[in-house]
Each structure stands twice: as C-alpha cells, then as structure tokens.
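Student: Take a look at this one; I'll ask things after.
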Amino acid sequence: MYDVAIIGAGVVGCSIARELSRYDLKTVLIEKDTDVANGTTKANSAIVHSGYDAKPGSLKAKLNVQGNALFDQICKELDVPFQRIGSLVLAFEEEEMKIIRELYEKGLANGVPQMEILGKEQILALEPNVNDRIIGGLYAPTAGIVGPWELAIALAENAVENGVELRLESQVTNIEKQGEGYRISMEGQQIDARYVINCAGVYADEIHNMVAAPSFKIVPRRGQYNIFDKSVGNFVSKVIFQCPTKLGKGVLIAPTVHGNLLVGPDAENVDCKESRETTMERLAFIREQARKSAPNLPYHGVITAFAGLRATPDTGDFIIEEAKDAKGFIDVAGIESPGLSAAPAIAVYVAEILKNMGAIGREKWDFHPMGRKMIRFMELSDAEKAEIIKRDPRYGRIICRCENITEGEIVDAIHRKVGARNMDGIKRRVRPGSGRCQGGFCSPRVMEIIARELKMDMTEVVKDNPKSYILIGPAKSSSVLRENLDAAAASKTW
Ligand SMILES: Cc1cc2nc3c(=O)[nH]c(=O)nc-3n(C[C@H](O)[C@H](O)[C@H](O)COP(=O)(O)OP(=O)(O)OC[C@H]3O[C@@H](n4cnc5c(N)ncnc54)[C@H](O)[C@@H]3O)c2cc1C
C-alpha cells in the first residue's frame with residue numbers, strides 16, 4: 001500500500017511529489033500521458049508572476065507571492081532556466097491609471113516587494129519599443145520567466161531520484177474508499193493508497209466526483225499564442241502586460257528563457273477539455289491587441305502558434321483542501337494562473353495539510369535536493385567543448401542546426417531518470433524542433449536516435465501520445481502509392 005498517491009504529473013503534481021520525497025513516505029505519481037508536463041504545464045505564458053493581481057486574502061495571492069520567492073533556490077537546485085526580468089503593466093488613459101493604483105495597493109496587501117508606479121518617460125527608458133501613447137504603468141521587478149516544462153520534468157526527476165515512483169500511461173478511471181484509504185483503478189492495474197492528492201488539472205472535478213459529491217466545476221478556458229524567432233527575441237526585455245480585465249491578465253509580450261518572444265494569450269471558454277487547437281481569428285485578435293502595447297511588433301518573425309487550457313474553477317480561487325465527504329482525499333484543483341508561479345508554495349502547503357492529518361513523519365536524512373545537471377553544449381567554453389567531445393564524440397555531432405543541439409544531449413535526454421520517449425519529450429528537454437525550421441531538418445535524425453536508443457523500429461516512434469505516428473509507410477513503395485491513388489480516386493480529392 002502506498003502512503004500517498006498523486007494524480008496528475010503537471011507542474012503542481014511534480015512539485016508536490018518532490019516536496020513529499022523529503023519525507024519517509026511511499027509515494028506514487030500517476031500520469032495518464034506518456035510524459036510528465038503534458039497538460040497545461042506545457043502551454044502557458046511561463047511567467048513567474050510577482051503577485052499583485054490576485055485578491056488579497058485569497059489562496060492565489062498568498063501562494064503566488066510565496067511561490068515566487070522560492071524560484072531562485074529551486075531553479076538553482078534543479079538547473080532549470082529562470083530569469084527575474086521584472087514586469088510592466090501599461091496604462092493608456094487615466095481610467096487605466098486607476099487600475100494601476102489598485103494593482104499597486106493589492107500588491108502591497110499581498111506582500112509584493114519593490115513595486116513602483118512609473119511615468120511615461122521612465123517606462124520608455126526601460127522599454128523603448130512599447131507604444132509611446134502610454135501614460136504610465138506598474139513596474140514589478142520580482143516577476144520572472146521560467147522554463148515551465150523543464151521545471152516540471154526536473155521536479156519529477158528529483159522526486160524519482162529521492163524514491164517517488166512515477167507511473168506514466170496510467171489513466172485513473174475509478175477511485176473507491178477501501179479500508180483505511182482508497183483503491184485507485186487505472187487501465188489494467190489497481191493500487192491502494194492511504195492518501196490521494198488530486199492534481200488532475202482540467203480533469204480535477206471529474207477525479208473529485210469519483211469519491212465525493214460534486215462541489216466545484218472546472219471550465220477549460222483556452223489561451224492562444226504566437227512564438228517569434230530568436231532574431232527578434234530581444235524586442236522587449238521585461239514582461240509587458242496591459243491592464244487586466246474580468247477575463248484575465250490580457251495579451252502580454254514577453255521574452256522566453258530560450259531567447260524567443262512570446263505573444264498572447266486570449267481567453268475563450270471551450271466545451272472540450274482537449275481543445276488545444278489554434279484558430280486564425282483568435283490569433284488575429286491577439287495580434288491586434290498586442291500591437292496596442294507595441295505597434296512595431298515584428299510579426300514577420302512568427303515561427304509557430306500554440307494553445308493551452310486554463311483549469312478555471314467556478315469558485316474563483318484555488319481549491320486546496322481535504323474533500324468534505326472523503327477523508328484523506330485532498331483536492332488541488334482550479335489551479336489556473338498563477339498556478340505555475342504558485343506551484344512550489346502549493347507543494348509546501350499540501351505537505352502542511354498532510355502533516356496536520358498526521359500523515360507525514362520524519363524528514364529523510366538522505367534527501368538529495370540537487371538535480372543532475374544537463375550538459376548544454378552551446379553554453380560551454382571552447383575548452384570545455386573540446387574536452388567533452390574527447391570523452392563522448394556524440395557531443396561533436398550537431399543534430400538540430402537551429403538550436404545547435406548535439407546528439408550527446410539527445411541521448412542524455414532519453415536515458416535520464418524521467419527520460420524522453422517520443423519526439424515532443426525530446427523537444428521539451430533539449431529543444432530540437434523548437435527553432436525556426438520547427439523540426440523540418442532535424443526530425444528524421446531525432447527519430448533515428450530515439451529508435452536506436454530505445455531499441456524500436458522508426459515506424460514506432462511517435463510525436464507525443466500513443467498512435468501519434470509520424471511514419472505511416474515507405475514513400476516510394478508502389479503498394480502504398482497505389483493505395484493512396486486508389487483512395488484519392490475514390491474520394492475525388494485530387
Ligand atoms: C493560457 C495560459 C497561460 C498561463 N500563464 C501562466 C503564467 O504565466 N504564470 C503562471 O503562474 N501560470 C500560468 N498559467 C497557469 C499554469 O499554467 C497552470 O496553473 C499550471 O500549469 C497547472 O499545472 P497543473 O499541474 O495543475 O495542471 P496540468 O499541467 O494540466 O497537469 C495535470 C495533469 O493531470 C493529468 N491527468 C488528468 N486526468 C488524469 C487521470 N484521470 N489520470 C491520470 N492523470 C491525469 C494530465 O494528463 C496532466 O498531465 C497559465 C495557464 C494557461 C492555460
């Protein structure tokens with residue numbers, strides 16, 4: 001029997017798993033997908049918010065500010081890219097200056113340090129590319145940018161190194177009260193756990209309803225983005241927000257930790273919890289909105305688009321508590337923005353809840369906080385590069401020419417504790433396919449490496465989840481060609 005079962009390996013589940021791995025507990029982290037960080041954690045603005053936005057006294061406000069302060073240490077321990085670059089909220093008219101002052105007051109109430117209300121000239125001196133029609137704004141230097149999936153992967157890896165068991169491709173289909181704890185059913189397997197922590201993102205209401213009366217509803221709220229090429233990555237140096245509205249923080253412009261530029265998101269409630277497609281209309285709307293902040297936004301530099309789903313609760317705040325009618329079952333639900341920023345503090349908060357229940361005993365003497373560093377070849381000095389190539393010639397072979405990623409880095413990503421199993425897993429860990437050609441050149445080489453290292457056939461290599469095959473047959477095989485021609489003739493789709 002496990003002491004604790006965590007359902008959902010997004011940044012929240014992974015943070016909790018790592019936090020609990022400090023203690024003498026038998027913990028399992030359960031994820032339905034083929035990899036960790038495959039839900040909302042892989043598609044968001046990647047901002048570590050300073051914390052002026054949420055309502056004072058709310059869990060969002062408290063855990064955002066506490067979480068923000070934990071980022072330096074965690075990212076240092078786990079070798080995750082994080083930069084405290086600061087944020088600006090722009091005001092274009094007097095009405096918006098009122099919102100700026102409200103945000104400032106809320107920030108003070110929430111305990112956000114070092115904020116300043118700036119005038120037009122001060123903002124333009126910091127960010128010459130923003131619209132010179134601004135009249136002022138709010139500067140929060142403690143805001144930052146992070147690699148969200150790198151963080152979740154590193155947290156999961158460190159948790160596993162410290163004894164947590166990770167079960168991928170294990171969709172929870174049922175949970176029943178069983179003796180002192182719960183029986184969790186997944187496809188083809190069952191496990192028992194004394195305590196269950198529900199971190200299932202947009203599905204958290206459905207997991208809750210398996211053991212308790214419905215008490216909240218999660219609505220997926222989609223946000224779309226464009227990513228720009230690194231050649232225009234320094235267009236702004238801080239996160240540039242507009243004044244927030246009822247629907248959220250609005251369209252932002254921000255650099256990413258990898259040197260790209262990110263523009264988005266919008267906010268649109270959708271019916272389906274898998275609706276992650278982008279649309280021409282919404283991306284056009286985002287472009288128009290973003291141009292208000294920076295009229296000369298270099299849209300020729302767009303290299304791709306993506307969308308993520310906020311797990312918006314109907315309660316207005318994070319829901320982090322034991323379910324009323326299910327003892328030992330803890331919901332960590334409705335973790336919409338600023339969930340990424342709050343994740344480290346959410347983990348500490350959940351550990352406190354477990355302590356108060358008497359579930360957590362002593363801290364382990366052998367907890368090891370440091371993650372195993374990745375070799376990022378292009379960040380090495382020439383002497384270091386020469387040395388590493390001498391030790392392992394695979395670091396001398398560049399596979400991704402846009403991002404300058406070597407074969408050695410890809411092989412390492414596959415064989416780490418929480419290793420990559422598919423194309424997107426490699427992309428999230430070491431970035432081939434993230435550059436301006438979007439994998440046009442390197443994909444076949446990456447597939448060969450995955451197939452070789454995991455001893456599978458190239459046709460079995462998938463993009464993401466099972467059945468997302470990339471190769472469907474030999475291009476020049478006459479039988480495949482014949483089938484395609486026959487199919488096209490039948491459907492008249494020439
Ligand atoms: C557009 C957008 C912008 C955002 N911007 C920011 C930002 O800049 N800063 C910030 O702080 N926050 C931001 N957020 C919020 C942040 O991304 C989320 O709060 C955070 O990623 C939530 O992490 P999570 O682990 O709760 O959810 P997820 O990452 O969705 O993880 C939940 C996991 O549960 C798994 N799961 C679901 N059902 C089951 C099941 N039945 N069995 C097993 N596993 C299951 C899923 O596969 C998934 O991996 C943004 C969100 C969006 C959508």
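Please note that chains go A, B, ... in the order of the structure tokens, that every chain numbers its residues from 1, and that ligands are numbered from 1 in the order shown.
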Taking a cut-off of 6 Å and counting only C-alpha atoms and all ligand atoms, can you build a table that, for each residue of chain A near ligand 1, reports the nearest atom pair and how far apart they are in Å (one decimal), sorted by chain then residue number, as JSON lines?

Tutor:
```
{"residue": "A:Ile7", "atom": "CA", "partner": "ligand 1", "partner_atom_place_in_ligand_line": "43 (C)", "distance": 5.3}
{"residue": "A:Gly8", "atom": "CA", "partner": "ligand 1", "partner_atom_place_in_ligand_line": "34 (O)", "distance": 3.2}
{"residue": "A:Ala9", "atom": "CA", "partner": "ligand 1", "partner_atom_place_in_ligand_line": "49 (O)", "distance": 4.8}
{"residue": "A:Gly10", "atom": "CA", "partner": "ligand 1", "partner_atom_place_in_ligand_line": "25 (O)", "distance": 3.2}
{"residue": "A:Val11", "atom": "CA", "partner": "ligand 1", "partner_atom_place_in_ligand_line": "25 (O)", "distance": 4.2}
{"residue": "A:Val12", "atom": "CA", "partner": "ligand 1", "partner_atom_place_in_ligand_line": "25 (O)", "distance": 3.8}
{"residue": "A:Gly13", "atom": "CA", "partner": "ligand 1", "partner_atom_place_in_ligand_line": "25 (O)", "distance": 5.3}
{"residue": "A:Ile30", "atom": "CA", "partner": "ligand 1", "partner_atom_place_in_ligand_line": "43 (C)", "distance": 5.5}
{"residue": "A:Glu31", "atom": "CA", "partner": "ligand 1", "partner_atom_place_in_ligand_line": "44 (N)", "distance": 3.8}
{"residue": "A:Lys32", "atom": "CA", "partner": "ligand 1", "partner_atom_place_in_ligand_line": "43 (C)", "distance": 3.9}
{"residue": "A:Asp33", "atom": "CA", "partner": "ligand 1", "partner_atom_place_in_ligand_line": "47 (O)", "distance": 5.3}
{"residue": "A:Val36", "atom": "CA", "partner": "ligand 1", "partner_atom_place_in_ligand_line": "49 (O)", "distance": 6.0}
{"residue": "A:Ala37", "atom": "CA", "partner": "ligand 1", "partner_atom_place_in_ligand_line": "49 (O)", "distance": 5.4}
{"residue": "A:Asn38", "atom": "CA", "partner": "ligand 1", "partner_atom_place_in_ligand_line": "49 (O)", "distance": 4.9}
{"residue": "A:Gly39", "atom": "CA", "partner": "ligand 1", "partner_atom_place_in_ligand_line": "30 (O)", "distance": 3.8}
{"residue": "A:Thr40", "atom": "CA", "partner": "ligand 1", "partner_atom_place_in_ligand_line": "30 (O)", "distance": 3.8}
{"residue": "A:Thr41", "atom": "CA", "partner": "ligand 1", "partner_atom_place_in_ligand_line": "21 (O)", "distance": 3.5}
{"residue": "A:Asn44", "atom": "CA", "partner": "ligand 1", "partner_atom_place_in_ligand_line": "3 (C)", "distance": 3.6}
{"residue": "A:Ser45", "atom": "CA", "partner": "ligand 1", "partner_atom_place_in_ligand_line": "8 (O)", "distance": 3.8}
{"residue": "A:Ala46", "atom": "CA", "partner": "ligand 1", "partner_atom_place_in_ligand_line": "8 (O)", "distance": 4.3}
{"residue": "A:Ile47", "atom": "CA", "partner": "ligand 1", "partner_atom_place_in_ligand_line": "8 (O)", "distance": 3.6}
{"residue": "A:Val48", "atom": "CA", "partner": "ligand 1", "partner_atom_place_in_ligand_line": "9 (N)", "distance": 5.3}
{"residue": "A:His49", "atom": "CA", "partner": "ligand 1", "partner_atom_place_in_ligand_line": "11 (O)", "distance": 5.9}
{"residue": "A:Ser170", "atom": "CA", "partner": "ligand 1", "partner_atom_place_in_ligand_line": "43 (C)", "distance": 5.9}
{"residue": "A:Gln171", "atom": "CA", "partner": "ligand 1", "partner_atom_place_in_ligand_line": "42 (N)", "distance": 3.7}
{"residue": "A:Val172", "atom": "CA", "partner": "ligand 1", "partner_atom_place_in_ligand_line": "42 (N)", "distance": 3.9}
{"residue": "A:Thr173", "atom": "CA", "partner": "ligand 1", "partner_atom_place_in_ligand_line": "41 (N)", "distance": 5.9}
{"residue": "A:Cys199", "atom": "CA", "partner": "ligand 1", "partner_atom_place_in_ligand_line": "26 (O)", "distance": 5.5}
{"residue": "A:Ala200", "atom": "CA", "partner": "ligand 1", "partner_atom_place_in_ligand_line": "34 (O)", "distance": 3.5}
{"residue": "A:Gly201", "atom": "CA", "partner": "ligand 1", "partner_atom_place_in_ligand_line": "27 (O)", "distance": 3.9}
{"residue": "A:Tyr203", "atom": "CA", "partner": "ligand 1", "partner_atom_place_in_ligand_line": "38 (N)", "distance": 4.9}
{"residue": "A:Gly223", "atom": "CA", "partner": "ligand 1", "partner_atom_place_in_ligand_line": "1 (C)", "distance": 3.9}
{"residue": "A:Pro265", "atom": "CA", "partner": "ligand 1", "partner_atom_place_in_ligand_line": "1 (C)", "distance": 5.5}
{"residue": "A:Gly308", "atom": "CA", "partner": "ligand 1", "partner_atom_place_in_ligand_line": "53 (C)", "distance": 4.2}
{"residue": "A:Leu309", "atom": "CA", "partner": "ligand 1", "partner_atom_place_in_ligand_line": "53 (C)", "distance": 3.9}
{"residue": "A:Arg310", "atom": "CA", "partner": "ligand 1", "partner_atom_place_in_ligand_line": "53 (C)", "distance": 3.6}
{"residue": "A:Ile335", "atom": "CA", "partner": "ligand 1", "partner_atom_place_in_ligand_line": "19 (O)", "distance": 4.6}
{"residue": "A:Glu336", "atom": "CA", "partner": "ligand 1", "partner_atom_place_in_ligand_line": "19 (O)", "distance": 4.0}
{"residue": "A:Ser337", "atom": "CA", "partner": "ligand 1", "partner_atom_place_in_ligand_line": "15 (C)", "distance": 3.6}
{"residue": "A:Pro338", "atom": "CA", "partner": "ligand 1", "partner_atom_place_in_ligand_line": "11 (O)", "distance": 3.3}
{"residue": "A:Gly339", "atom": "CA", "partner": "ligand 1", "partner_atom_place_in_ligand_line": "19 (O)", "distance": 3.1}
{"residue": "A:Leu340", "atom": "CA", "partner": "ligand 1", "partner_atom_place_in_ligand_line": "11 (O)", "distance": 3.5}
{"residue": "A:Ser341", "atom": "CA", "partner": "ligand 1", "partner_atom_place_in_ligand_line": "11 (O)", "distance": 3.7}
```

Student: Choose the residue, out of A:Thr406, A:Asn64, A:Asn162, A:Gln114, that has the smallest atom-to-atom separation from Trp365 in chain A; count only C-alpha atoms.

Tutor: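 Using only C-alpha atoms, Trp365 in chain A sits closest to A:Asn162.
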
Student: When you count only C-alpha atoms, which of these residues is closest to Tyr104 in chain A: A:Leu283, A:Cys437, A:Ala156, A:Ala54?

Tutor: A:Ala54

Student: Using only C-alpha atoms, which protein or nucleic acid residues come within 9 Å of Thr256 in chain A? Drop anything in the same chain fewer than 3 positions from it, and give the result as a list in words.

Tutor: Ser45, Ala46, Ile47, Ile145, Val146, Gly147, Gly233, Gly259, Asn260, Leu261 and Leu262 of chain A

Student: Which residue is closest to Glu352 in chain A? Choose from A:Glu321, A:Glu379, A:Glu387, A:Asp271 and count only C-alpha atoms.

Tutor: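 Smallest distance to Glu352 in chain A is found for A:Glu321.
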
Student: Would you work out the distance separating CA of Leu63 in chain A from CA of Lys106 in chain A, expressed in Å to one decimal?

Tutor: 14.4 Å

Student: Near Gly136 in chain A, within 10 Å and counting only C-alpha atoms, which residues show up once chain neighbours fewer than 2 positions away are dropped, as a list in words?

Tutor: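 So the residues in contact are Leu88, Val89, Leu90, Ala91, Phe92, Glu93, Glu94, Glu96, Met97, Ile100, Ile117, Leu118, Gly119, Lys120, Glu121, Gln122, Ile123, Leu124, Arg133, Ile134, Leu138 and Tyr139 of chain A.
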
Student: Please provide as a ChimeraX atom specification all residues within 9 Å of Ile398 in chain A, with the sequence filter that same-chain residues fewer than 5 positions apart are discarded (counting only C-alpha atoms).

Tutor: /A:404-408
